[in-house]
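What follows is a set of notes on a single structure, which appears directly below.
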Amino acid sequence: MHFVIYCLDVPNSESIRAQHFEEHKANLSSAPFKILVSGPLLEDDNQTINGSCLLIDAMNKEQVLAFFKNDPFTKAGVWRQVEIRHFSKLRDNR
């Protein structure tokens, strides 16, 4: 099943994000599901990070919830909002 994970940062959390970035990357590398696309969300200046977005292929939503509950960004309070939504791929232009 495909899922989109859409995370918005707490305002002014850049230093907390930077402090936990390497841990967050390592955590994603050990994910029990396939991460198809991931990266930061940006402000209109195309430089300031204000969140994260991932497209993943996982067994079920419970697996995704359990994994992101223990993400270093979650534990450090980087994200103020995390939405996990089912995603139905209709087209892939890769």
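Chain labels run A, B, ... following the order of the structure tokens; each chain numbers its residues from 1, and ligands are numbered from 1 in the order shown.
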Per-residue DSSP, chain A, filtered to strand (DSSP E or B), as a PyMOL selection string: chain A and resi 2-9+34-42+49-57+79-87
With N, CA and C atoms retained, could you export that selection as a tab-separated table (two decimals), in the first residue's frame?
```
chain	number	residue	atom	x	y	z
A	2	HIS	N	0.44	2.23	-0.75
A	2	HIS	CA	1.18	3.49	-0.78
A	2	HIS	C	0.60	4.46	0.25
A	3	PHE	N	1.50	5.24	0.86
A	3	PHE	CA	1.11	6.27	1.81
A	3	PHE	C	1.91	7.53	1.56
A	4	VAL	N	1.29	8.68	1.79
A	4	VAL	CA	1.98	9.96	1.81
A	4	VAL	C	2.06	10.40	3.26
A	5	ILE	N	3.25	10.79	3.68
A	5	ILE	CA	3.44	11.33	5.02
A	5	ILE	C	3.80	12.80	4.83
A	6	TYR	N	2.96	13.67	5.38
A	6	TYR	CA	3.10	15.11	5.22
A	6	TYR	C	3.31	15.71	6.61
A	7	CYS	N	4.48	16.28	6.84
A	7	CYS	CA	4.85	16.78	8.16
A	7	CYS	C	5.16	18.27	8.09
A	8	LEU	N	4.58	19.04	9.00
A	8	LEU	CA	4.87	20.46	9.09
A	8	LEU	C	5.67	20.73	10.35
A	9	ASP	N	6.71	21.55	10.21
A	9	ASP	CA	7.59	21.85	11.33
A	9	ASP	C	6.97	22.86	12.30
A	34	LYS	N	9.48	0.43	2.10
A	34	LYS	CA	10.23	1.07	1.02
A	34	LYS	C	9.85	2.55	0.93
A	35	ILE	N	10.85	3.41	1.04
A	35	ILE	CA	10.64	4.85	0.85
A	35	ILE	C	10.87	5.13	-0.63
A	36	LEU	N	9.82	5.55	-1.32
A	36	LEU	CA	9.89	5.79	-2.76
A	36	LEU	C	10.44	7.18	-3.07
A	37	VAL	N	9.99	8.17	-2.30
A	37	VAL	CA	10.42	9.57	-2.47
A	37	VAL	C	10.39	10.22	-1.09
A	38	SER	N	11.40	11.03	-0.79
A	38	SER	CA	11.37	11.78	0.46
A	38	SER	C	12.19	13.05	0.31
A	39	GLY	N	11.83	14.04	1.12
A	39	GLY	CA	12.59	15.28	1.11
A	39	GLY	C	11.89	16.35	1.91
A	40	PRO	N	12.58	17.48	2.07
A	40	PRO	CA	12.00	18.58	2.84
A	40	PRO	C	10.99	19.39	2.03
A	41	LEU	N	10.04	19.95	2.76
A	41	LEU	CA	9.13	20.95	2.20
A	41	LEU	C	9.80	22.31	2.37
A	42	LEU	N	9.60	23.20	1.41
A	42	LEU	CA	10.29	24.49	1.44
A	42	LEU	C	9.31	25.66	1.39
A	49	ILE	N	13.44	25.40	5.08
A	49	ILE	CA	12.71	24.15	5.29
A	49	ILE	C	11.59	24.38	6.30
A	50	ASN	N	10.38	23.89	5.95
A	50	ASN	CA	9.25	24.04	6.86
A	50	ASN	C	8.50	22.73	7.09
A	51	GLY	N	9.11	21.62	6.66
A	51	GLY	CA	8.46	20.33	6.87
A	51	GLY	C	9.12	19.23	6.07
A	52	SER	N	8.42	18.10	6.00
A	52	SER	CA	8.92	16.93	5.29
A	52	SER	C	7.77	16.26	4.55
A	53	CYS	N	8.10	15.58	3.46
A	53	CYS	CA	7.10	14.83	2.71
A	53	CYS	C	7.73	13.54	2.22
A	54	LEU	N	6.99	12.44	2.39
A	54	LEU	CA	7.49	11.14	1.95
A	54	LEU	C	6.38	10.39	1.24
A	55	LEU	N	6.75	9.63	0.26
A	55	LEU	CA	5.86	8.68	-0.40
A	55	LEU	C	6.47	7.30	-0.14
A	56	ILE	N	5.69	6.43	0.50
A	56	ILE	CA	6.23	5.13	0.89
A	56	ILE	C	5.31	3.99	0.45
A	57	ASP	N	5.88	2.81	0.44
A	57	ASP	CA	5.14	1.58	0.17
A	57	ASP	C	5.29	0.71	1.41
A	79	TRP	N	8.40	18.35	14.36
A	79	TRP	CA	7.13	18.43	13.63
A	79	TRP	C	5.99	18.84	14.54
A	80	ARG	N	5.17	19.78	14.09
A	80	ARG	CA	3.97	20.18	14.84
A	80	ARG	C	2.76	19.41	14.36
A	81	GLN	N	2.86	18.86	13.14
A	81	GLN	CA	1.74	18.14	12.56
A	81	GLN	C	2.28	17.05	11.63
A	82	VAL	N	1.73	15.85	11.76
A	82	VAL	CA	2.10	14.75	10.87
A	82	VAL	C	0.81	14.11	10.38
A	83	GLU	N	0.64	14.09	9.06
A	83	GLU	CA	-0.52	13.44	8.45
A	83	GLU	C	-0.04	12.25	7.64
A	84	ILE	N	-0.70	11.12	7.83
A	84	ILE	CA	-0.40	9.91	7.07
A	84	ILE	C	-1.66	9.55	6.31
A	85	ARG	N	-1.56	9.57	4.99
A	85	ARG	CA	-2.72	9.34	4.13
A	85	ARG	C	-2.45	8.21	3.15
A	86	HIS	N	-3.47	7.41	2.92
A	86	HIS	CA	-3.39	6.41	1.85
A	86	HIS	C	-3.26	7.16	0.53
A	87	PHE	N	-2.52	6.56	-0.40
A	87	PHE	CA	-2.27	7.18	-1.70
A	87	PHE	C	-2.51	6.15	-2.79
```
Spatial neighbours of region 72-74 of chain A, max dist 10 Å, only C-alpha atoms, sep filter under 6 positions, as a ChimeraX atom specification: /A:7,9,16-28,80-82
Prev. selection, N, CA and C atoms, output as a PDB file, in the first residue's frame:
```pdb
ATOM      1  N   CYS A   7       4.485  16.281   6.840  1.00  0.00           N
ATOM      2  CA  CYS A   7       4.855  16.778   8.163  1.00  0.00           C
ATOM      3  C   CYS A   7       5.162  18.271   8.086  1.00  0.00           C
ATOM      4  N   ASP A   9       6.713  21.551  10.209  1.00  0.00           N
ATOM      5  CA  ASP A   9       7.594  21.854  11.331  1.00  0.00           C
ATOM      6  C   ASP A   9       6.972  22.857  12.297  1.00  0.00           C
ATOM      7  N   ILE A  16      16.747  22.765  15.960  1.00  0.00           N
ATOM      8  CA  ILE A  16      16.405  21.421  16.448  1.00  0.00           C
ATOM      9  C   ILE A  16      16.458  20.427  15.294  1.00  0.00           C
ATOM     10  N   ARG A  17      15.936  20.837  14.143  1.00  0.00           N
ATOM     11  CA  ARG A  17      15.960  19.990  12.943  1.00  0.00           C
ATOM     12  C   ARG A  17      17.403  19.649  12.578  1.00  0.00           C
ATOM     13  N   ALA A  18      18.264  20.670  12.536  1.00  0.00           N
ATOM     14  CA  ALA A  18      19.668  20.460  12.156  1.00  0.00           C
ATOM     15  C   ALA A  18      20.371  19.531  13.148  1.00  0.00           C
ATOM     16  N   GLN A  19      20.065  19.698  14.426  1.00  0.00           N
ATOM     17  CA  GLN A  19      20.690  18.891  15.477  1.00  0.00           C
ATOM     18  C   GLN A  19      20.345  17.407  15.339  1.00  0.00           C
ATOM     19  N   HIS A  20      19.152  17.082  14.831  1.00  0.00           N
ATOM     20  CA  HIS A  20      18.691  15.693  14.762  1.00  0.00           C
ATOM     21  C   HIS A  20      18.632  15.139  13.339  1.00  0.00           C
ATOM     22  N   PHE A  21      19.156  15.888  12.369  1.00  0.00           N
ATOM     23  CA  PHE A  21      19.044  15.500  10.967  1.00  0.00           C
ATOM     24  C   PHE A  21      19.734  14.173  10.655  1.00  0.00           C
ATOM     25  N   GLU A  22      20.949  13.992  11.115  1.00  0.00           N
ATOM     26  CA  GLU A  22      21.689  12.752  10.815  1.00  0.00           C
ATOM     27  C   GLU A  22      20.996  11.538  11.427  1.00  0.00           C
ATOM     28  N   GLU A  23      20.491  11.682  12.650  1.00  0.00           N
ATOM     29  CA  GLU A  23      19.727  10.602  13.290  1.00  0.00           C
ATOM     30  C   GLU A  23      18.465  10.276  12.487  1.00  0.00           C
ATOM     31  N   HIS A  24      17.796  11.323  12.029  1.00  0.00           N
ATOM     32  CA  HIS A  24      16.575  11.160  11.233  1.00  0.00           C
ATOM     33  C   HIS A  24      16.889  10.402   9.940  1.00  0.00           C
ATOM     34  N   LYS A  25      17.966  10.794   9.255  1.00  0.00           N
ATOM     35  CA  LYS A  25      18.357  10.104   8.018  1.00  0.00           C
ATOM     36  C   LYS A  25      18.680   8.640   8.272  1.00  0.00           C
ATOM     37  N   ALA A  26      19.403   8.367   9.348  1.00  0.00           N
ATOM     38  CA  ALA A  26      19.745   6.982   9.689  1.00  0.00           C
ATOM     39  C   ALA A  26      18.485   6.176   9.992  1.00  0.00           C
ATOM     40  N   ASN A  27      17.552   6.799  10.674  1.00  0.00           N
ATOM     41  CA  ASN A  27      16.290   6.134  10.983  1.00  0.00           C
ATOM     42  C   ASN A  27      15.541   5.782   9.702  1.00  0.00           C
ATOM     43  N   LEU A  28      15.475   6.716   8.760  1.00  0.00           N
ATOM     44  CA  LEU A  28      14.793   6.442   7.491  1.00  0.00           C
ATOM     45  C   LEU A  28      15.479   5.307   6.740  1.00  0.00           C
ATOM     46  N   ARG A  80       5.173  19.784  14.091  1.00  0.00           N
ATOM     47  CA  ARG A  80       3.972  20.176  14.844  1.00  0.00           C
ATOM     48  C   ARG A  80       2.757  19.410  14.359  1.00  0.00           C
ATOM     49  N   GLN A  81       2.858  18.865  13.141  1.00  0.00           N
ATOM     50  CA  GLN A  81       1.736  18.137  12.556  1.00  0.00           C
ATOM     51  C   GLN A  81       2.281  17.054  11.629  1.00  0.00           C
ATOM     52  N   VAL A  82       1.731  15.853  11.762  1.00  0.00           N
ATOM     53  CA  VAL A  82       2.096  14.746  10.874  1.00  0.00           C
ATOM     54  C   VAL A  82       0.807  14.110  10.379  1.00  0.00           C
TER      55      VAL A  82
END
```
Computed interatomic separation between CA of Val10 (chain A) and CA of Gly77 (chain A) (Å):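 Computing it gives 7.5 Å between the two atoms.
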Pick from A:Ser29, A:Arg94, A:Glu14, A:Met1 nearest to Phe67 (chain A), counting only C-alpha atoms: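 Among the listed residues, the smallest separation from Phe67 (chain A) belongs to A:Ser29.
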Point-to-point distance from CA of Gln63 (chain A) to CA of Phe33 (chain A), Å rounded to tenths: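 Calculated distance between CA of Gln63 (chain A) and CA of Phe33 (chain A) is 8.4 Å.
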Computed interatomic separation between CA of Ser88 (chain A) and CA of Leu65 (chain A) (Å):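 Between these atoms lies a distance of 18.5 Å.
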Per-residue DSSP, chain A, filtered to alpha helix (DSSP H), as a PyMOL selection string: chain A and resi 14-29+61-69+72-76
May I have the selected residues written with N, CA and C atoms, as a PDB file, in the first residue's frame?
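The new file selection_17.pdb reads:
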```pdb
ATOM      1  N   GLU A  14      14.455  25.321  13.175  1.00  0.00           N
ATOM      2  CA  GLU A  14      15.584  24.999  12.305  1.00  0.00           C
ATOM      3  C   GLU A  14      16.751  24.387  13.065  1.00  0.00           C
ATOM      4  N   SER A  15      17.085  24.944  14.234  1.00  0.00           N
ATOM      5  CA  SER A  15      18.243  24.434  14.975  1.00  0.00           C
ATOM      6  C   SER A  15      17.978  23.027  15.526  1.00  0.00           C
ATOM      7  N   ILE A  16      16.747  22.765  15.960  1.00  0.00           N
ATOM      8  CA  ILE A  16      16.405  21.421  16.448  1.00  0.00           C
ATOM      9  C   ILE A  16      16.458  20.427  15.294  1.00  0.00           C
ATOM     10  N   ARG A  17      15.936  20.837  14.143  1.00  0.00           N
ATOM     11  CA  ARG A  17      15.960  19.990  12.943  1.00  0.00           C
ATOM     12  C   ARG A  17      17.403  19.649  12.578  1.00  0.00           C
ATOM     13  N   ALA A  18      18.264  20.670  12.536  1.00  0.00           N
ATOM     14  CA  ALA A  18      19.668  20.460  12.156  1.00  0.00           C
ATOM     15  C   ALA A  18      20.371  19.531  13.148  1.00  0.00           C
ATOM     16  N   GLN A  19      20.065  19.698  14.426  1.00  0.00           N
ATOM     17  CA  GLN A  19      20.690  18.891  15.477  1.00  0.00           C
ATOM     18  C   GLN A  19      20.345  17.407  15.339  1.00  0.00           C
ATOM     19  N   HIS A  20      19.152  17.082  14.831  1.00  0.00           N
ATOM     20  CA  HIS A  20      18.691  15.693  14.762  1.00  0.00           C
ATOM     21  C   HIS A  20      18.632  15.139  13.339  1.00  0.00           C
ATOM     22  N   PHE A  21      19.156  15.888  12.369  1.00  0.00           N
ATOM     23  CA  PHE A  21      19.044  15.500  10.967  1.00  0.00           C
ATOM     24  C   PHE A  21      19.734  14.173  10.655  1.00  0.00           C
ATOM     25  N   GLU A  22      20.949  13.992  11.115  1.00  0.00           N
ATOM     26  CA  GLU A  22      21.689  12.752  10.815  1.00  0.00           C
ATOM     27  C   GLU A  22      20.996  11.538  11.427  1.00  0.00           C
ATOM     28  N   GLU A  23      20.491  11.682  12.650  1.00  0.00           N
ATOM     29  CA  GLU A  23      19.727  10.602  13.290  1.00  0.00           C
ATOM     30  C   GLU A  23      18.465  10.276  12.487  1.00  0.00           C
ATOM     31  N   HIS A  24      17.796  11.323  12.029  1.00  0.00           N
ATOM     32  CA  HIS A  24      16.575  11.160  11.233  1.00  0.00           C
ATOM     33  C   HIS A  24      16.889  10.402   9.940  1.00  0.00           C
ATOM     34  N   LYS A  25      17.966  10.794   9.255  1.00  0.00           N
ATOM     35  CA  LYS A  25      18.357  10.104   8.018  1.00  0.00           C
ATOM     36  C   LYS A  25      18.680   8.640   8.272  1.00  0.00           C
ATOM     37  N   ALA A  26      19.403   8.367   9.348  1.00  0.00           N
ATOM     38  CA  ALA A  26      19.745   6.982   9.689  1.00  0.00           C
ATOM     39  C   ALA A  26      18.485   6.176   9.992  1.00  0.00           C
ATOM     40  N   ASN A  27      17.552   6.799  10.674  1.00  0.00           N
ATOM     41  CA  ASN A  27      16.290   6.134  10.983  1.00  0.00           C
ATOM     42  C   ASN A  27      15.541   5.782   9.702  1.00  0.00           C
ATOM     43  N   LEU A  28      15.475   6.716   8.760  1.00  0.00           N
ATOM     44  CA  LEU A  28      14.793   6.442   7.491  1.00  0.00           C
ATOM     45  C   LEU A  28      15.479   5.307   6.740  1.00  0.00           C
ATOM     46  N   SER A  29      16.796   5.235   6.853  1.00  0.00           N
ATOM     47  CA  SER A  29      17.536   4.162   6.174  1.00  0.00           C
ATOM     48  C   SER A  29      17.210   2.783   6.735  1.00  0.00           C
ATOM     49  N   LYS A  61      -1.086   0.962   7.572  1.00  0.00           N
ATOM     50  CA  LYS A  61      -0.916   2.254   8.235  1.00  0.00           C
ATOM     51  C   LYS A  61      -0.336   2.105   9.636  1.00  0.00           C
ATOM     52  N   GLU A  62      -0.664   1.027  10.327  1.00  0.00           N
ATOM     53  CA  GLU A  62      -0.145   0.800  11.667  1.00  0.00           C
ATOM     54  C   GLU A  62       1.379   0.715  11.667  1.00  0.00           C
ATOM     55  N   GLN A  63       1.931   0.075  10.647  1.00  0.00           N
ATOM     56  CA  GLN A  63       3.383  -0.024  10.512  1.00  0.00           C
ATOM     57  C   GLN A  63       4.000   1.367  10.368  1.00  0.00           C
ATOM     58  N   VAL A  64       3.361   2.206   9.578  1.00  0.00           N
ATOM     59  CA  VAL A  64       3.851   3.569   9.352  1.00  0.00           C
ATOM     60  C   VAL A  64       3.755   4.393  10.636  1.00  0.00           C
ATOM     61  N   LEU A  65       2.620   4.306  11.311  1.00  0.00           N
ATOM     62  CA  LEU A  65       2.428   5.043  12.569  1.00  0.00           C
ATOM     63  C   LEU A  65       3.474   4.652  13.611  1.00  0.00           C
ATOM     64  N   ALA A  66       3.706   3.371  13.761  1.00  0.00           N
ATOM     65  CA  ALA A  66       4.682   2.889  14.748  1.00  0.00           C
ATOM     66  C   ALA A  66       6.082   3.400  14.423  1.00  0.00           C
ATOM     67  N   PHE A  67       6.436   3.394  13.155  1.00  0.00           N
ATOM     68  CA  PHE A  67       7.771   3.838  12.755  1.00  0.00           C
ATOM     69  C   PHE A  67       7.957   5.333  13.012  1.00  0.00           C
ATOM     70  N   PHE A  68       7.004   6.149  12.586  1.00  0.00           N
ATOM     71  CA  PHE A  68       7.163   7.600  12.723  1.00  0.00           C
ATOM     72  C   PHE A  68       6.997   8.074  14.159  1.00  0.00           C
ATOM     73  N   LYS A  69       6.353   7.281  14.992  1.00  0.00           N
ATOM     74  CA  LYS A  69       6.251   7.603  16.415  1.00  0.00           C
ATOM     75  C   LYS A  69       7.636   7.651  17.050  1.00  0.00           C
ATOM     76  N   PRO A  72      13.450  10.369  15.189  1.00  0.00           N
ATOM     77  CA  PRO A  72      14.122  11.409  15.968  1.00  0.00           C
ATOM     78  C   PRO A  72      13.477  12.795  15.844  1.00  0.00           C
ATOM     79  N   PHE A  73      12.948  13.133  14.671  1.00  0.00           N
ATOM     80  CA  PHE A  73      12.264  14.429  14.532  1.00  0.00           C
ATOM     81  C   PHE A  73      10.992  14.461  15.379  1.00  0.00           C
ATOM     82  N   THR A  74      10.275  13.348  15.450  1.00  0.00           N
ATOM     83  CA  THR A  74       9.080  13.284  16.283  1.00  0.00           C
ATOM     84  C   THR A  74       9.461  13.445  17.749  1.00  0.00           C
ATOM     85  N   LYS A  75      10.444  12.687  18.189  1.00  0.00           N
ATOM     86  CA  LYS A  75      10.862  12.717  19.593  1.00  0.00           C
ATOM     87  C   LYS A  75      11.429  14.073  20.009  1.00  0.00           C
ATOM     88  N   ALA A  76      12.104  14.766  19.077  1.00  0.00           N
ATOM     89  CA  ALA A  76      12.711  16.064  19.386  1.00  0.00           C
ATOM     90  C   ALA A  76      11.721  17.218  19.271  1.00  0.00           C
TER      91      ALA A  76
END
```
